[in-house]
$ cat input10.cif   # mmCIF, N, CA and C atoms
data_structure
loop_
_atom_site.label_atom_id
_atom_site.label_comp_id
_atom_site.auth_asym_id
_atom_site.auth_seq_id
_atom_site.Cartn_x
_atom_site.Cartn_y
_atom_site.Cartn_z
N MET A 1 0.82 -1.20 0.00
CA MET A 1 0.00 0.00 0.00
C MET A 1 0.86 1.26 0.00
N ALA A 2 2.01 1.20 0.65
CA ALA A 2 2.88 2.37 0.71
C ALA A 2 3.41 2.70 -0.67
N VAL A 3 3.83 1.69 -1.41
CA VAL A 3 4.36 1.91 -2.75
C VAL A 3 3.24 2.37 -3.68
N ALA A 4 2.06 1.80 -3.55
CA ALA A 4 0.93 2.20 -4.38
C ALA A 4 0.55 3.65 -4.13
N SER A 5 0.59 4.08 -2.87
CA SER A 5 0.26 5.47 -2.57
C SER A 5 1.30 6.41 -3.16
N PHE A 6 2.57 6.01 -3.12
CA PHE A 6 3.63 6.81 -3.71
C PHE A 6 3.45 6.94 -5.22
N VAL A 7 3.19 5.83 -5.88
CA VAL A 7 3.02 5.84 -7.34
C VAL A 7 1.79 6.64 -7.73
N LEU A 8 0.67 6.45 -7.04
CA LEU A 8 -0.54 7.20 -7.37
C LEU A 8 -0.39 8.68 -7.07
N GLY A 9 0.31 9.01 -6.01
CA GLY A 9 0.55 10.42 -5.70
C GLY A 9 1.42 11.08 -6.74
N LEU A 10 2.44 10.37 -7.20
CA LEU A 10 3.33 10.90 -8.23
C LEU A 10 2.60 11.04 -9.55
N LEU A 11 1.82 10.06 -9.91
CA LEU A 11 1.04 10.12 -11.15
C LEU A 11 -0.03 11.19 -11.06
N GLY A 12 -0.57 11.40 -9.88
CA GLY A 12 -1.62 12.39 -9.69
C GLY A 12 -1.14 13.82 -9.90
N LEU A 13 0.15 14.06 -9.80
CA LEU A 13 0.65 15.40 -10.08
C LEU A 13 0.49 15.76 -11.56
N LEU A 14 0.42 14.74 -12.40
CA LEU A 14 0.33 14.97 -13.84
C LEU A 14 -1.10 14.88 -14.36
N VAL A 15 -1.84 13.89 -13.92
CA VAL A 15 -3.20 13.67 -14.42
C VAL A 15 -4.13 13.25 -13.29
N LEU A 16 -5.38 13.56 -13.42
CA LEU A 16 -6.45 13.09 -12.54
C LEU A 16 -6.17 13.33 -11.05
N ASN A 17 -5.64 14.52 -10.71
CA ASN A 17 -5.32 14.75 -9.30
C ASN A 17 -6.54 14.77 -8.40
N LEU A 18 -7.70 15.05 -8.93
CA LEU A 18 -8.91 15.05 -8.12
C LEU A 18 -9.22 13.65 -7.60
N PHE A 19 -8.88 12.62 -8.37
CA PHE A 19 -9.16 11.24 -7.98
C PHE A 19 -7.95 10.55 -7.34
N LEU A 20 -6.79 10.74 -7.94
CA LEU A 20 -5.61 10.02 -7.47
C LEU A 20 -5.06 10.58 -6.16
N GLY A 21 -5.21 11.88 -5.92
CA GLY A 21 -4.72 12.48 -4.68
C GLY A 21 -5.38 11.88 -3.44
N PRO A 22 -6.71 11.89 -3.36
CA PRO A 22 -7.36 11.29 -2.19
C PRO A 22 -7.09 9.79 -2.04
N ILE A 23 -6.98 9.07 -3.16
CA ILE A 23 -6.68 7.64 -3.07
C ILE A 23 -5.29 7.44 -2.49
N ALA A 24 -4.33 8.25 -2.92
CA ALA A 24 -2.97 8.16 -2.38
C ALA A 24 -2.95 8.47 -0.88
N ILE A 25 -3.74 9.46 -0.47
CA ILE A 25 -3.81 9.81 0.95
C ILE A 25 -4.38 8.67 1.77
N VAL A 26 -5.44 8.06 1.29
CA VAL A 26 -6.08 6.94 2.01
C VAL A 26 -5.14 5.74 2.08
N LEU A 27 -4.49 5.39 0.97
CA LEU A 27 -3.58 4.25 0.97
C LEU A 27 -2.39 4.49 1.90
N ALA A 28 -1.84 5.70 1.87
CA ALA A 28 -0.71 6.00 2.75
C ALA A 28 -1.13 5.95 4.22
N SER A 29 -2.31 6.47 4.52
CA SER A 29 -2.79 6.43 5.90
C SER A 29 -3.01 5.01 6.38
N MET A 30 -3.59 4.19 5.52
CA MET A 30 -3.80 2.78 5.88
C MET A 30 -2.47 2.06 6.09
N ALA A 31 -1.49 2.34 5.23
CA ALA A 31 -0.18 1.70 5.37
C ALA A 31 0.49 2.12 6.67
N LEU A 32 0.39 3.41 7.01
CA LEU A 32 1.00 3.87 8.26
C LEU A 32 0.30 3.31 9.48
N LEU A 33 -1.03 3.19 9.42
CA LEU A 33 -1.77 2.64 10.56
C LEU A 33 -1.48 1.16 10.75
N ARG A 34 -1.21 0.45 9.67
CA ARG A 34 -0.89 -0.97 9.77
C ARG A 34 0.56 -1.23 10.14
N GLY A 35 1.35 -0.20 10.20
CA GLY A 35 2.75 -0.35 10.60
C GLY A 35 3.63 -0.91 9.50
N THR A 36 3.58 -0.31 8.34
CA THR A 36 4.36 -0.79 7.21
C THR A 36 5.85 -0.65 7.47
N GLY A 37 6.62 -1.46 6.81
CA GLY A 37 8.07 -1.36 6.90
C GLY A 37 8.62 -0.26 6.01
N ARG A 38 7.80 0.28 5.15
CA ARG A 38 8.21 1.33 4.22
C ARG A 38 7.58 2.66 4.62
N LYS A 39 7.90 3.11 5.81
CA LYS A 39 7.29 4.34 6.31
C LYS A 39 7.67 5.55 5.47
N GLY A 40 8.88 5.59 4.97
CA GLY A 40 9.31 6.70 4.14
C GLY A 40 8.51 6.80 2.86
N ARG A 41 8.26 5.66 2.24
CA ARG A 41 7.49 5.63 1.00
C ARG A 41 6.04 6.01 1.28
N ALA A 42 5.51 5.59 2.40
CA ALA A 42 4.13 5.95 2.76
C ALA A 42 4.03 7.45 3.05
N MET A 43 5.02 8.01 3.72
CA MET A 43 5.00 9.45 3.99
C MET A 43 5.12 10.26 2.70
N LEU A 44 5.95 9.78 1.77
CA LEU A 44 6.03 10.45 0.47
C LEU A 44 4.71 10.36 -0.28
N GLY A 45 4.06 9.22 -0.21
CA GLY A 45 2.75 9.07 -0.84
C GLY A 45 1.72 9.99 -0.23
N LEU A 46 1.77 10.14 1.09
CA LEU A 46 0.86 11.06 1.77
C LEU A 46 1.13 12.50 1.37
N GLY A 47 2.39 12.87 1.33
CA GLY A 47 2.75 14.22 0.92
C GLY A 47 2.39 14.52 -0.53
N LEU A 48 2.61 13.54 -1.40
CA LEU A 48 2.26 13.73 -2.80
C LEU A 48 0.75 13.79 -3.01
N GLY A 49 0.00 13.03 -2.23
CA GLY A 49 -1.45 13.10 -2.32
C GLY A 49 -1.97 14.47 -1.93
N VAL A 50 -1.40 15.03 -0.87
CA VAL A 50 -1.78 16.38 -0.45
C VAL A 50 -1.34 17.39 -1.51
N ALA A 51 -0.14 17.20 -2.06
CA ALA A 51 0.35 18.10 -3.10
C ALA A 51 -0.54 18.06 -4.34
N ASP A 52 -1.09 16.89 -4.66
CA ASP A 52 -2.02 16.77 -5.79
C ASP A 52 -3.21 17.71 -5.60
N LEU A 53 -3.77 17.70 -4.41
CA LEU A 53 -4.94 18.54 -4.15
C LEU A 53 -4.57 20.02 -4.11
N VAL A 54 -3.39 20.33 -3.62
CA VAL A 54 -2.94 21.73 -3.60
C VAL A 54 -2.73 22.23 -5.03
N VAL A 55 -2.08 21.43 -5.86
CA VAL A 55 -1.86 21.81 -7.26
C VAL A 55 -3.21 22.00 -7.96
N LEU A 56 -4.14 21.10 -7.72
CA LEU A 56 -5.47 21.24 -8.32
C LEU A 56 -6.12 22.53 -7.89
N GLY A 57 -6.06 22.85 -6.60
CA GLY A 57 -6.66 24.08 -6.09
C GLY A 57 -6.03 25.33 -6.69
N VAL A 58 -4.71 25.33 -6.80
CA VAL A 58 -4.01 26.50 -7.35
C VAL A 58 -4.35 26.68 -8.83
N LEU A 59 -4.31 25.60 -9.58
CA LEU A 59 -4.61 25.71 -11.02
C LEU A 59 -6.06 26.08 -11.27
N MET A 60 -6.97 25.58 -10.44
CA MET A 60 -8.37 25.93 -10.61
C MET A 60 -8.62 27.39 -10.23
N SER A 61 -7.93 27.88 -9.22
CA SER A 61 -8.14 29.27 -8.81
C SER A 61 -7.55 30.24 -9.83
N MET A 62 -6.54 29.82 -10.56
CA MET A 62 -5.97 30.69 -11.58
C MET A 62 -6.93 30.88 -12.75
N ASP A 63 -7.73 29.85 -13.05
CA ASP A 63 -8.66 29.92 -14.17
C ASP A 63 -10.07 30.32 -13.75
N ASN A 64 -10.36 30.30 -12.45
CA ASN A 64 -11.71 30.53 -11.92
C ASN A 64 -12.73 29.57 -12.51
N THR A 65 -12.33 28.33 -12.68
CA THR A 65 -13.21 27.29 -13.19
C THR A 65 -13.10 26.06 -12.29
N VAL A 66 -13.93 25.06 -12.57
CA VAL A 66 -13.84 23.82 -11.82
C VAL A 66 -12.96 22.80 -12.52
N SER A 67 -12.36 23.19 -13.64
CA SER A 67 -11.42 22.33 -14.33
C SER A 67 -10.16 23.13 -14.59
N TRP A 68 -9.10 22.45 -14.99
CA TRP A 68 -7.86 23.15 -15.24
C TRP A 68 -7.16 22.54 -16.44
N GLY A 69 -6.28 23.29 -17.00
CA GLY A 69 -5.46 22.83 -18.11
C GLY A 69 -4.22 23.70 -18.22
N LEU A 70 -3.14 23.13 -18.66
CA LEU A 70 -1.91 23.89 -18.80
C LEU A 70 -1.84 24.65 -20.11
N ALA A 71 -2.74 24.34 -21.05
CA ALA A 71 -2.69 24.96 -22.36
C ALA A 71 -3.14 26.43 -22.33
N GLY A 72 -3.89 26.80 -21.33
CA GLY A 72 -4.27 28.21 -21.22
C GLY A 72 -5.67 28.49 -21.44
#

$ encode --input "input10.cif" --output "structure tokens"
Amino acid sequence: MAVASFVLGLLGLLVLNLFLGPIAIVLASMALLRGTGRKGRAMLGLGLGVADLVVLGVLMSMDNTVSWGLAG
């Protein structure tokens, strides 16, 4: 779960951050609660999941829309 949260959080920075960010946060939280041996990877997944949502919020506020795009 820790590795999956890291991968989904990293992928969420590029695409589908509205969906992949919360999934990464949930998976990282579950991995940390279960006492995973990969605490660093779970913490990175948690941080990336939060960063996904922050990036989404910033990009949406720049356009004043509920969607975002880098094309302008």

$ atom_distance --input "input10.cif" --atom1 "atom N of Val26 (chain A)" --atom2 "atom N of Lys39 (chain A)"
14.9 Å

$ resolve_selection --input "input10.cif" --expression "the PyMOL selection byres (((chain A and resi 8 and name CA) around 12) and name CA)" --output "number ranges by chain"
A: 1-7, 9-28, 41-42, 44-52

$ closest_residue --input "input10.cif" --among "A:Asn64, A:Met43, A:Leu53, A:Leu59" --to "Ala31 (chain A)" --atoms "only N, CA and C atoms"
A:Met43
